[in-house]
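Asks: File name upload10.csv; file contents CSV, N, CA and C atoms; full text below.
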chain,number,residue,atom,x,y,z
A,1,MET,N,45.5,62.0,128.1
A,1,MET,CA,45.7,63.4,128.3
A,1,MET,C,46.1,64.0,126.9
A,2,ARG,N,45.3,65.0,126.5
A,2,ARG,CA,45.5,65.5,125.2
A,2,ARG,C,46.5,66.7,125.2
A,3,MET,N,47.4,66.8,124.2
A,3,MET,CA,48.4,67.8,124.1
A,3,MET,C,47.7,69.1,123.6
A,4,PRO,N,48.1,70.3,124.2
A,4,PRO,CA,47.5,71.6,123.7
A,4,PRO,C,47.9,71.8,122.2
A,5,PHE,N,47.0,72.5,121.6
A,5,PHE,CA,47.1,72.8,120.1
A,5,PHE,C,48.5,73.4,119.8
A,6,PHE,N,49.0,74.4,120.5
A,6,PHE,CA,50.2,75.1,120.1
A,6,PHE,C,51.4,74.1,120.3
A,7,GLN,N,51.3,73.1,121.2
A,7,GLN,CA,52.4,72.1,121.4
A,7,GLN,C,52.4,71.2,120.2
A,8,GLN,N,51.2,70.9,119.7
A,8,GLN,CA,51.1,70.0,118.5
A,8,GLN,C,51.7,70.7,117.3
A,9,ILE,N,51.5,72.0,117.2
A,9,ILE,CA,52.1,72.7,116.0
A,9,ILE,C,53.6,72.7,116.1
A,10,ILE,N,54.1,73.0,117.3
A,10,ILE,CA,55.5,73.0,117.5
A,10,ILE,C,56.1,71.6,117.2
A,11,LEU,N,55.5,70.6,117.7
A,11,LEU,CA,56.0,69.2,117.5
A,11,LEU,C,56.0,68.9,116.0
A,12,ILE,N,54.9,69.2,115.3
A,12,ILE,CA,54.8,69.0,113.8
A,12,ILE,C,55.9,69.8,113.1
A,13,SER,N,56.2,71.0,113.6
A,13,SER,CA,57.2,71.8,112.9
A,13,SER,C,58.6,71.2,113.1
A,14,PHE,N,58.9,70.7,114.3
A,14,PHE,CA,60.2,70.0,114.5
A,14,PHE,C,60.3,68.7,113.6
A,15,ILE,N,59.2,68.0,113.5
A,15,ILE,CA,59.2,66.8,112.7
A,15,ILE,C,59.4,67.2,111.2
A,16,CYS,N,58.8,68.2,110.7
A,16,CYS,CA,59.0,68.6,109.3
A,16,CYS,C,60.4,69.1,109.1
A,17,VAL,N,60.9,69.9,110.0
A,17,VAL,CA,62.3,70.4,109.8
A,17,VAL,C,63.3,69.2,109.9
A,18,GLY,N,63.1,68.4,110.8
A,18,GLY,CA,63.9,67.2,111.0
A,18,GLY,C,63.9,66.3,109.7
A,19,THR,N,62.7,66.1,109.2
A,19,THR,CA,62.6,65.3,108.0
A,19,THR,C,63.3,65.9,106.8
A,20,ALA,N,63.1,67.2,106.7
A,20,ALA,CA,63.8,67.9,105.5
A,20,ALA,C,65.3,67.8,105.6
A,21,ASN,N,65.8,67.9,106.8
A,21,ASN,CA,67.3,67.8,106.9
A,21,ASN,C,67.7,66.3,106.6
A,22,CYS,N,66.9,65.4,107.0
A,22,CYS,CA,67.3,64.0,106.8
A,22,CYS,C,67.3,63.6,105.3
A,23,THR,N,66.3,64.1,104.6
A,23,THR,CA,66.2,63.8,103.2
A,23,THR,C,67.4,64.5,102.4
A,24,SER,N,67.9,65.6,102.9
A,24,SER,CA,69.0,66.2,102.2
A,24,SER,C,70.3,65.4,102.3
A,25,LEU,N,70.3,64.6,103.4
A,25,LEU,CA,71.5,63.7,103.6
A,25,LEU,C,71.5,62.5,102.7
A,26,GLU,N,70.3,62.2,102.1
A,26,GLU,CA,70.2,61.0,101.3
A,26,GLU,C,70.8,61.3,99.9
A,27,LYS,N,71.0,62.5,99.5
A,27,LYS,CA,71.6,62.8,98.2
A,27,LYS,C,73.0,62.2,98.1
A,28,PRO,N,73.3,61.7,96.9
A,28,PRO,CA,74.6,61.1,96.7
A,28,PRO,C,75.7,62.2,96.9
A,29,PRO,N,76.8,61.9,97.5
A,29,PRO,CA,77.9,62.9,97.7
A,29,PRO,C,78.5,63.4,96.4
A,30,THR,N,78.3,62.7,95.3
A,30,THR,CA,78.9,63.1,94.1
A,30,THR,C,78.0,64.0,93.2
A,31,GLU,N,76.8,64.3,93.7
A,31,GLU,CA,75.9,65.2,93.0
A,31,GLU,C,76.5,66.5,92.7
A,32,GLY,N,76.5,67.0,91.5
A,32,GLY,CA,77.0,68.3,91.1
A,32,GLY,C,78.5,68.3,90.9
A,33,LEU,N,79.2,67.2,91.0
A,33,LEU,CA,80.6,67.2,90.8
A,33,LEU,C,80.9,66.9,89.3
A,34,THR,N,82.1,67.3,88.9
A,34,THR,CA,82.5,67.0,87.5
A,34,THR,C,83.0,65.5,87.6
A,35,THR,N,83.2,65.0,86.4
A,35,THR,CA,83.7,63.6,86.3
A,35,THR,C,85.1,63.5,86.9
A,36,LYS,N,85.9,64.5,86.7
A,36,LYS,CA,87.3,64.5,87.3
A,36,LYS,C,87.2,64.6,88.8
A,37,GLN,N,86.3,65.4,89.3
A,37,GLN,CA,86.2,65.4,90.8
A,37,GLN,C,85.7,64.1,91.4
A,38,LYS,N,84.8,63.4,90.6
A,38,LYS,CA,84.3,62.1,91.1
A,38,LYS,C,85.5,61.1,91.0
A,39,MET,N,86.3,61.2,90.0
A,39,MET,CA,87.5,60.3,89.9
A,39,MET,C,88.5,60.6,91.1
A,40,ASP,N,88.7,61.8,91.4
A,40,ASP,CA,89.5,62.2,92.6
A,40,ASP,C,89.0,61.6,93.9
A,41,GLN,N,87.7,61.7,94.0
A,41,GLN,CA,87.0,61.1,95.2
A,41,GLN,C,87.3,59.6,95.3
A,42,VAL,N,87.1,58.9,94.2
A,42,VAL,CA,87.2,57.4,94.2
A,42,VAL,C,88.7,57.1,94.4
A,43,MET,N,89.6,57.9,93.9
A,43,MET,CA,91.1,57.6,94.1
A,43,MET,C,91.4,57.8,95.5
A,44,THR,N,90.9,58.8,96.2
A,44,THR,CA,91.1,59.0,97.6
A,44,THR,C,90.6,57.9,98.4
A,45,GLN,N,89.4,57.3,98.1
A,45,GLN,CA,88.9,56.2,98.8
A,45,GLN,C,89.8,55.0,98.6
A,46,MET,N,90.3,54.8,97.4
A,46,MET,CA,91.2,53.6,97.2
A,46,MET,C,92.5,53.8,98.0
A,47,THR,N,93.0,55.0,98.0
A,47,THR,CA,94.3,55.2,98.7
A,47,THR,C,94.0,55.0,100.2
A,48,GLN,N,92.9,55.4,100.8
A,48,GLN,CA,92.6,55.2,102.2
A,48,GLN,C,92.4,53.7,102.5
A,49,LEU,N,91.8,53.0,101.6
A,49,LEU,CA,91.5,51.6,101.7
A,49,LEU,C,92.8,50.8,101.7
A,50,ILE,N,93.7,51.2,100.9
A,50,ILE,CA,95.0,50.5,100.8
A,50,ILE,C,95.9,50.8,102.0
A,51,GLY,N,95.8,52.0,102.5
A,51,GLY,CA,96.5,52.4,103.7
A,51,GLY,C,98.0,52.2,103.5
A,52,ASP,N,98.7,51.7,104.5
A,52,ASP,CA,100.2,51.6,104.5
A,52,ASP,C,100.7,50.3,103.8
A,53,ALA,N,99.8,49.5,103.3
A,53,ALA,CA,100.1,48.2,102.6
A,53,ALA,C,101.1,47.4,103.3
A,54,SER,N,100.9,47.2,104.6
A,54,SER,CA,101.8,46.4,105.4
A,54,SER,C,101.7,44.9,105.1
A,55,CYS,N,102.8,44.2,105.3
A,55,CYS,CA,102.9,42.8,105.0
A,55,CYS,C,103.9,42.1,105.8
A,56,SER,N,103.9,40.8,105.8
A,56,SER,CA,104.9,40.0,106.4
A,56,SER,C,105.5,39.0,105.4
A,57,ASP,N,104.9,38.9,104.3
A,57,ASP,CA,105.3,38.0,103.2
A,57,ASP,C,104.9,38.5,101.9
A,58,SER,N,105.7,38.3,100.9
A,58,SER,CA,105.4,38.8,99.5
A,58,SER,C,104.1,38.2,98.9
A,59,LYS,N,103.7,37.0,99.5
A,59,LYS,CA,102.5,36.4,99.0
A,59,LYS,C,101.2,37.3,99.3
A,60,GLN,N,101.4,38.2,100.3
A,60,GLN,CA,100.3,39.1,100.7
A,60,GLN,C,100.3,40.4,99.8
A,61,CYS,N,101.2,40.5,98.9
A,61,CYS,CA,101.2,41.7,98.0
A,61,CYS,C,100.6,41.4,96.7
A,62,ALA,N,99.9,42.4,96.2
A,62,ALA,CA,99.2,42.3,94.9
A,62,ALA,C,99.2,43.7,94.2
A,63,SER,N,98.9,43.7,92.9
A,63,SER,CA,98.7,44.9,92.2
A,63,SER,C,97.3,44.9,91.5
A,64,LEU,N,96.8,46.1,91.3
A,64,LEU,CA,95.4,46.2,90.8
A,64,LEU,C,95.5,47.3,89.7
A,65,ALA,N,94.9,46.9,88.5
A,65,ALA,CA,94.8,47.8,87.4
A,65,ALA,C,93.9,49.0,87.7
A,66,ILE,N,94.4,50.2,87.4
A,66,ILE,CA,93.7,51.5,87.7
A,66,ILE,C,93.5,52.3,86.4
A,67,GLY,N,92.2,52.7,86.3
A,67,GLY,CA,91.9,53.7,85.2
A,67,GLY,C,91.8,53.0,83.8
A,68,ALA,N,91.7,53.9,82.8
A,68,ALA,CA,91.5,53.4,81.5
A,68,ALA,C,92.2,54.4,80.5
A,69,LYS,N,93.1,53.9,79.7
A,69,LYS,CA,93.6,54.7,78.6
A,69,LYS,C,92.6,54.8,77.5
A,70,PRO,N,92.6,55.9,76.8
A,70,PRO,CA,91.7,56.0,75.6
A,70,PRO,C,91.8,54.9,74.6
A,71,CYS,N,93.0,54.4,74.4
A,71,CYS,CA,93.2,53.3,73.4
A,71,CYS,C,92.8,51.9,74.0
A,72,GLY,N,92.6,51.9,75.3
A,72,GLY,CA,92.3,50.6,76.0
A,72,GLY,C,93.4,50.2,77.0
A,73,GLY,N,93.0,49.4,77.9
A,73,GLY,CA,94.0,49.0,78.9
A,73,GLY,C,94.1,49.9,80.1
A,74,PRO,N,94.7,49.5,81.2
A,74,PRO,CA,94.8,50.4,82.4
A,74,PRO,C,95.8,51.5,82.2
A,75,ARG,N,95.6,52.6,82.9
A,75,ARG,CA,96.5,53.7,83.0
A,75,ARG,C,97.7,53.3,83.8
A,76,SER,N,97.5,52.6,84.9
A,76,SER,CA,98.5,52.3,85.9
A,76,SER,C,98.1,51.2,86.8
A,77,TYR,N,98.9,50.8,87.7
A,77,TYR,CA,98.6,49.8,88.7
A,77,TYR,C,98.9,50.4,90.1
A,78,ARG,N,98.1,49.9,91.1
A,78,ARG,CA,98.4,50.3,92.5
A,78,ARG,C,98.8,49.0,93.2
A,79,VAL,N,99.8,49.1,94.1
A,79,VAL,CA,100.2,48.0,94.9
A,79,VAL,C,99.5,48.1,96.2
A,80,TYR,N,99.1,46.9,96.7
A,80,TYR,CA,98.4,46.8,98.0
A,80,TYR,C,98.7,45.5,98.7
A,81,SER,N,98.3,45.5,99.9
A,81,SER,CA,98.5,44.3,100.7
A,81,SER,C,97.1,43.6,100.9
A,82,THR,N,97.1,42.3,100.7
A,82,THR,CA,95.8,41.6,100.9
A,82,THR,C,95.6,41.3,102.4
A,83,LEU,N,96.6,41.6,103.2
A,83,LEU,CA,96.6,41.3,104.6
A,83,LEU,C,95.5,42.2,105.3
A,84,ASN,N,95.6,43.5,105.0
A,84,ASN,CA,94.7,44.5,105.7
A,84,ASN,C,93.7,45.2,104.8
A,85,THR,N,93.6,44.8,103.5
A,85,THR,CA,92.8,45.5,102.5
A,85,THR,C,91.6,44.7,102.2
A,86,ASP,N,90.5,45.3,102.1
A,86,ASP,CA,89.2,44.6,101.7
A,86,ASP,C,89.3,44.6,100.1
A,87,THR,N,89.8,43.4,99.6
A,87,THR,CA,90.1,43.3,98.2
A,87,THR,C,88.8,43.5,97.3
A,88,GLN,N,87.7,43.0,97.8
A,88,GLN,CA,86.5,43.1,97.0
A,88,GLN,C,86.1,44.6,96.9
A,89,LYS,N,86.1,45.3,98.0
A,89,LYS,CA,85.8,46.7,98.0
A,89,LYS,C,86.8,47.5,97.1
A,90,LEU,N,88.1,47.2,97.2
A,90,LEU,CA,89.1,47.8,96.4
A,90,LEU,C,88.8,47.6,94.9
A,91,THR,N,88.5,46.3,94.6
A,91,THR,CA,88.2,46.0,93.2
A,91,THR,C,86.9,46.8,92.7
A,92,GLU,N,85.9,46.9,93.5
A,92,GLU,CA,84.7,47.6,93.2
A,92,GLU,C,85.1,49.1,92.9
A,93,LEU,N,85.9,49.7,93.8
A,93,LEU,CA,86.3,51.1,93.6
A,93,LEU,C,87.1,51.2,92.3
A,94,ALA,N,88.0,50.3,92.0
A,94,ALA,CA,88.8,50.3,90.8
A,94,ALA,C,87.9,50.3,89.6
A,95,MET,N,86.9,49.4,89.6
A,95,MET,CA,85.9,49.4,88.5
A,95,MET,C,85.2,50.7,88.3
A,96,ARG,N,84.8,51.3,89.4
A,96,ARG,CA,84.1,52.6,89.4
A,96,ARG,C,85.0,53.6,88.8
A,97,PHE,N,86.3,53.6,89.2
A,97,PHE,CA,87.3,54.6,88.7
A,97,PHE,C,87.5,54.4,87.2
A,98,LYS,N,87.6,53.1,86.8
A,98,LYS,CA,87.8,52.8,85.4
A,98,LYS,C,86.6,53.4,84.6
A,99,SER,N,85.4,53.2,85.0
A,99,SER,CA,84.2,53.7,84.3
A,99,SER,C,84.2,55.2,84.3
A,100,LEU,N,84.5,55.9,85.4
A,100,LEU,CA,84.6,57.3,85.4
A,100,LEU,C,85.7,57.8,84.4
A,101,ASN,N,86.9,57.1,84.4
A,101,ASN,CA,88.0,57.5,83.6
A,101,ASN,C,87.6,57.4,82.1
A,102,LYS,N,86.9,56.3,81.7
A,102,LYS,CA,86.4,56.2,80.4
A,102,LYS,C,85.5,57.3,80.0
A,103,GLN,N,84.6,57.7,80.9
A,103,GLN,CA,83.7,58.8,80.7
A,103,GLN,C,84.5,60.1,80.5
A,104,TYR,N,85.5,60.3,81.4
A,104,TYR,CA,86.3,61.5,81.3
A,104,TYR,C,87.1,61.6,80.0
A,105,ASN,N,87.6,60.4,79.6
A,105,ASN,CA,88.3,60.4,78.3
A,105,ASN,C,87.5,60.9,77.1
A,106,LYS,N,86.2,60.4,77.1
A,106,LYS,CA,85.3,60.8,76.1
A,106,LYS,C,84.9,62.2,76.2
A,107,GLU,N,84.6,62.7,77.4
A,107,GLU,CA,84.2,64.1,77.6
A,107,GLU,C,85.3,65.1,77.2
A,108,SER,N,86.5,64.7,77.4
A,108,SER,CA,87.7,65.5,77.2
A,108,SER,C,88.3,65.3,75.8
A,109,GLY,N,87.9,64.3,75.1
A,109,GLY,CA,88.5,64.0,73.8
A,109,GLY,C,89.9,63.6,73.9
A,110,LEU,N,90.3,62.9,74.9
A,110,LEU,CA,91.7,62.6,75.2
A,110,LEU,C,92.2,61.4,74.2
A,111,MET,N,93.5,61.5,74.0
A,111,MET,CA,94.1,60.4,73.2
A,111,MET,C,95.3,59.9,74.1
A,112,SER,N,95.8,58.7,73.8
A,112,SER,CA,96.9,58.2,74.5
A,112,SER,C,98.0,57.6,73.6
A,113,ASP,N,99.1,57.1,74.1
A,113,ASP,CA,100.1,56.5,73.4
A,113,ASP,C,99.8,55.1,73.0
A,114,CYS,N,98.8,54.5,73.5
A,114,CYS,CA,98.3,53.2,73.2
A,114,CYS,C,99.3,52.1,73.6
A,115,MET,N,100.3,52.4,74.4
A,115,MET,CA,101.2,51.4,74.9
A,115,MET,C,100.6,50.7,76.0
A,116,MET,N,100.8,49.4,76.1
A,116,MET,CA,100.2,48.6,77.2
A,116,MET,C,101.0,48.8,78.4
A,117,VAL,N,100.3,49.0,79.5
A,117,VAL,CA,101.0,49.1,80.8
A,117,VAL,C,100.9,47.7,81.5
A,118,MET,N,102.0,47.1,81.7
A,118,MET,CA,102.0,45.7,82.2
A,118,MET,C,101.9,45.7,83.7
A,119,PRO,N,101.3,44.7,84.3
A,119,PRO,CA,101.3,44.5,85.8
A,119,PRO,C,102.7,44.5,86.3
A,120,PRO,N,102.9,45.2,87.4
A,120,PRO,CA,104.3,45.3,88.0
A,120,PRO,C,104.5,44.0,88.9
A,121,ALA,N,105.8,43.7,89.0
A,121,ALA,CA,106.2,42.7,90.0
A,121,ALA,C,106.2,43.4,91.4
A,122,VAL,N,105.6,42.8,92.4
A,122,VAL,CA,105.5,43.3,93.7
A,122,VAL,C,106.1,42.4,94.7
A,123,ALA,N,106.5,43.0,95.8
A,123,ALA,CA,107.2,42.2,96.9
A,123,ALA,C,107.0,42.9,98.2
A,124,CYS,N,107.1,42.1,99.3
A,124,CYS,CA,107.1,42.7,100.6
A,124,CYS,C,108.5,43.1,101.0
A,125,ILE,N,108.8,44.4,101.0
A,125,ILE,CA,110.1,44.9,101.3
A,125,ILE,C,110.0,45.8,102.5
A,126,ASN,N,110.7,45.5,103.5
A,126,ASN,CA,110.7,46.3,104.8
A,126,ASN,C,109.3,46.3,105.4
A,127,LYS,N,108.6,45.2,105.3
A,127,LYS,CA,107.2,45.0,105.8
A,127,LYS,C,106.2,45.9,105.1
A,128,THR,N,106.4,46.3,103.9
A,128,THR,CA,105.5,47.1,103.1
A,128,THR,C,105.4,46.5,101.7
A,129,CYS,N,104.2,46.3,101.1
A,129,CYS,CA,104.1,45.9,99.7
A,129,CYS,C,104.6,47.1,98.8
A,130,GLN,N,105.5,46.7,97.9
A,130,GLN,CA,106.1,47.7,97.0
A,130,GLN,C,106.4,47.1,95.7
A,131,LEU,N,106.7,48.0,94.7
A,131,LEU,CA,107.2,47.5,93.4
A,131,LEU,C,108.5,46.7,93.7
A,132,ASN,N,108.7,45.6,93.0
A,132,ASN,CA,109.9,44.8,93.1
A,132,ASN,C,110.9,45.3,92.0
A,133,GLN,N,111.8,46.2,92.4
A,133,GLN,CA,112.7,46.7,91.4
A,133,GLN,C,113.8,45.7,91.0
A,134,SER,N,114.0,44.7,91.7
A,134,SER,CA,115.1,43.7,91.4
A,134,SER,C,114.7,42.8,90.3
A,135,GLN,N,113.5,42.8,89.8
A,135,GLN,CA,113.2,41.9,88.6
A,135,GLN,C,113.2,42.6,87.3
Write the structure described by the file as structure tokens, please.
Replies:
Amino acid sequence: MRMPFFQQIILISFICVGTANCTSLEKPPTEGLTTKQKMDQVMTQMTQLIGDASCSDSKQCASLAIGAKPCGGPRSYRVYSTLNTDTQKLTELAMRFKSLNKQYNKESGLMSDCMMVMPPAVACINKTCQLNQSQ
């Protein structure tokens, strides 16, 4: 049984409109954003991935270098729990953030104090990974 011509046109129209909407979703979410806005997005993703950094033992706590100072080295460190955090994904996001931070430093002509930021001591305190202030 053959479909009437006008129904074929309507069907083709729906397919074309549907395809146009689908292709627009394939664009990267960072298109048109500044480097700073991209950095903010990646930082938000890292913060969400780390979550509450819950732990039951200090062996589950770790820190990760974040960003890049213009003179070299990380800007800071983030404390997280290996218990509930996808460490590989967090590391990939941190590398992306570092790359964006280097780009931002160049674009902005930033300078820094060139002091090395050392990895912090971390511990499981009150069932949350935190900086260990007692060391």
Asks: Hey, which of A:Glu107, A:Asp86, A:Glu92, A:Asp57 ends up closest to A:Cys129? Count all atoms listed in the file.
Replies: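 Closest residue, counting all atoms listed in the file: A:Asp57.
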Asks: Looking only at strand (DSSP E or B) from DSSP on the backbone, list the matching residues of stretch 40-124 of chain A as a list in words.
Replies: Ser54, Cys61, Ala62, Ser63, Leu64, Ala65, Ile66, Ser76, Tyr77, Arg78, Val79, Tyr80, Ser81, Val122, Ala123 and Cys124 of chain A
Asks: Based on the selection just made, write N, CA and C atoms of those residues as a tab-separated table (two decimals), in the coordinates of the input.
Replies:
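Listed below is the output, out.tsv:
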chain	number	residue	atom	x	y	z
A	54	SER	N	100.90	47.20	104.60
A	54	SER	CA	101.80	46.40	105.40
A	54	SER	C	101.70	44.90	105.10
A	61	CYS	N	101.20	40.50	98.90
A	61	CYS	CA	101.20	41.70	98.00
A	61	CYS	C	100.60	41.40	96.70
A	62	ALA	N	99.90	42.40	96.20
A	62	ALA	CA	99.20	42.30	94.90
A	62	ALA	C	99.20	43.70	94.20
A	63	SER	N	98.90	43.70	92.90
A	63	SER	CA	98.70	44.90	92.20
A	63	SER	C	97.30	44.90	91.50
A	64	LEU	N	96.80	46.10	91.30
A	64	LEU	CA	95.40	46.20	90.80
A	64	LEU	C	95.50	47.30	89.70
A	65	ALA	N	94.90	46.90	88.50
A	65	ALA	CA	94.80	47.80	87.40
A	65	ALA	C	93.90	49.00	87.70
A	66	ILE	N	94.40	50.20	87.40
A	66	ILE	CA	93.70	51.50	87.70
A	66	ILE	C	93.50	52.30	86.40
A	76	SER	N	97.50	52.60	84.90
A	76	SER	CA	98.50	52.30	85.90
A	76	SER	C	98.10	51.20	86.80
A	77	TYR	N	98.90	50.80	87.70
A	77	TYR	CA	98.60	49.80	88.70
A	77	TYR	C	98.90	50.40	90.10
A	78	ARG	N	98.10	49.90	91.10
A	78	ARG	CA	98.40	50.30	92.50
A	78	ARG	C	98.80	49.00	93.20
A	79	VAL	N	99.80	49.10	94.10
A	79	VAL	CA	100.20	48.00	94.90
A	79	VAL	C	99.50	48.10	96.20
A	80	TYR	N	99.10	46.90	96.70
A	80	TYR	CA	98.40	46.80	98.00
A	80	TYR	C	98.70	45.50	98.70
A	81	SER	N	98.30	45.50	99.90
A	81	SER	CA	98.50	44.30	100.70
A	81	SER	C	97.10	43.60	100.90
A	122	VAL	N	105.60	42.80	92.40
A	122	VAL	CA	105.50	43.30	93.70
A	122	VAL	C	106.10	42.40	94.70
A	123	ALA	N	106.50	43.00	95.80
A	123	ALA	CA	107.20	42.20	96.90
A	123	ALA	C	107.00	42.90	98.20
A	124	CYS	N	107.10	42.10	99.30
A	124	CYS	CA	107.10	42.70	100.60
A	124	CYS	C	108.50	43.10	101.00
Asks: Do a neighbour search on A:Arg96 at 10 Å with only C-alpha atoms, toss out local chain neighbours closer than 2 positions, and write the hits as a PDB file with N, CA and C atoms, keeping the file's coordinate frame.
Replies:
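Printed below is around_28.pdb as written:
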ATOM      1  N   LYS A  38      84.800  63.400  90.600  1.00  0.00           N
ATOM      2  CA  LYS A  38      84.300  62.100  91.100  1.00  0.00           C
ATOM      3  C   LYS A  38      85.500  61.100  91.000  1.00  0.00           C
ATOM      4  N   MET A  39      86.300  61.200  90.000  1.00  0.00           N
ATOM      5  CA  MET A  39      87.500  60.300  89.900  1.00  0.00           C
ATOM      6  C   MET A  39      88.500  60.600  91.100  1.00  0.00           C
ATOM      7  N   VAL A  42      87.100  58.900  94.200  1.00  0.00           N
ATOM      8  CA  VAL A  42      87.200  57.400  94.200  1.00  0.00           C
ATOM      9  C   VAL A  42      88.700  57.100  94.400  1.00  0.00           C
ATOM     10  N   MET A  43      89.600  57.900  93.900  1.00  0.00           N
ATOM     11  CA  MET A  43      91.100  57.600  94.100  1.00  0.00           C
ATOM     12  C   MET A  43      91.400  57.800  95.500  1.00  0.00           C
ATOM     13  N   ILE A  66      94.400  50.200  87.400  1.00  0.00           N
ATOM     14  CA  ILE A  66      93.700  51.500  87.700  1.00  0.00           C
ATOM     15  C   ILE A  66      93.500  52.300  86.400  1.00  0.00           C
ATOM     16  N   GLY A  67      92.200  52.700  86.300  1.00  0.00           N
ATOM     17  CA  GLY A  67      91.900  53.700  85.200  1.00  0.00           C
ATOM     18  C   GLY A  67      91.800  53.000  83.800  1.00  0.00           C
ATOM     19  N   LEU A  90      88.100  47.200  97.200  1.00  0.00           N
ATOM     20  CA  LEU A  90      89.100  47.800  96.400  1.00  0.00           C
ATOM     21  C   LEU A  90      88.800  47.600  94.900  1.00  0.00           C
ATOM     22  N   THR A  91      88.500  46.300  94.600  1.00  0.00           N
ATOM     23  CA  THR A  91      88.200  46.000  93.200  1.00  0.00           C
ATOM     24  C   THR A  91      86.900  46.800  92.700  1.00  0.00           C
ATOM     25  N   GLU A  92      85.900  46.900  93.500  1.00  0.00           N
ATOM     26  CA  GLU A  92      84.700  47.600  93.200  1.00  0.00           C
ATOM     27  C   GLU A  92      85.100  49.100  92.900  1.00  0.00           C
ATOM     28  N   LEU A  93      85.900  49.700  93.800  1.00  0.00           N
ATOM     29  CA  LEU A  93      86.300  51.100  93.600  1.00  0.00           C
ATOM     30  C   LEU A  93      87.100  51.200  92.300  1.00  0.00           C
ATOM     31  N   ALA A  94      88.000  50.300  92.000  1.00  0.00           N
ATOM     32  CA  ALA A  94      88.800  50.300  90.800  1.00  0.00           C
ATOM     33  C   ALA A  94      87.900  50.300  89.600  1.00  0.00           C
ATOM     34  N   LYS A  98      87.600  53.100  86.800  1.00  0.00           N
ATOM     35  CA  LYS A  98      87.800  52.800  85.400  1.00  0.00           C
ATOM     36  C   LYS A  98      86.600  53.400  84.600  1.00  0.00           C
ATOM     37  N   SER A  99      85.400  53.200  85.000  1.00  0.00           N
ATOM     38  CA  SER A  99      84.200  53.700  84.300  1.00  0.00           C
ATOM     39  C   SER A  99      84.200  55.200  84.300  1.00  0.00           C
ATOM     40  N   LEU A 100      84.500  55.900  85.400  1.00  0.00           N
ATOM     41  CA  LEU A 100      84.600  57.300  85.400  1.00  0.00           C
ATOM     42  C   LEU A 100      85.700  57.800  84.400  1.00  0.00           C
ATOM     43  N   ASN A 101      86.900  57.100  84.400  1.00  0.00           N
ATOM     44  CA  ASN A 101      88.000  57.500  83.600  1.00  0.00           C
ATOM     45  C   ASN A 101      87.600  57.400  82.100  1.00  0.00           C
ATOM     46  N   LYS A 102      86.900  56.300  81.700  1.00  0.00           N
ATOM     47  CA  LYS A 102      86.400  56.200  80.400  1.00  0.00           C
ATOM     48  C   LYS A 102      85.500  57.300  80.000  1.00  0.00           C
TER      49      LYS A 102
END
Asks: For atom C of A:Met115 and atom CA of A:Phe97, quote the distance in Å rounded to one decimal.
Replies: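 So the two atoms, atom C of A:Met115 and atom CA of A:Phe97, lie 18.8 Å apart.
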Asks: One number please: atom CA of A:Thr34 to atom CA of A:Ala68, in Å, one decimal.
Replies: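 Separation of atom CA of A:Thr34 and atom CA of A:Ala68: 17.4 Å.
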Asks: May I ask for the distance between atom C of A:Ala65 and atom C of A:Thr87, given in Å to one decimal place?
Replies: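 Distance reported for this atom pair: 12.2 Å.
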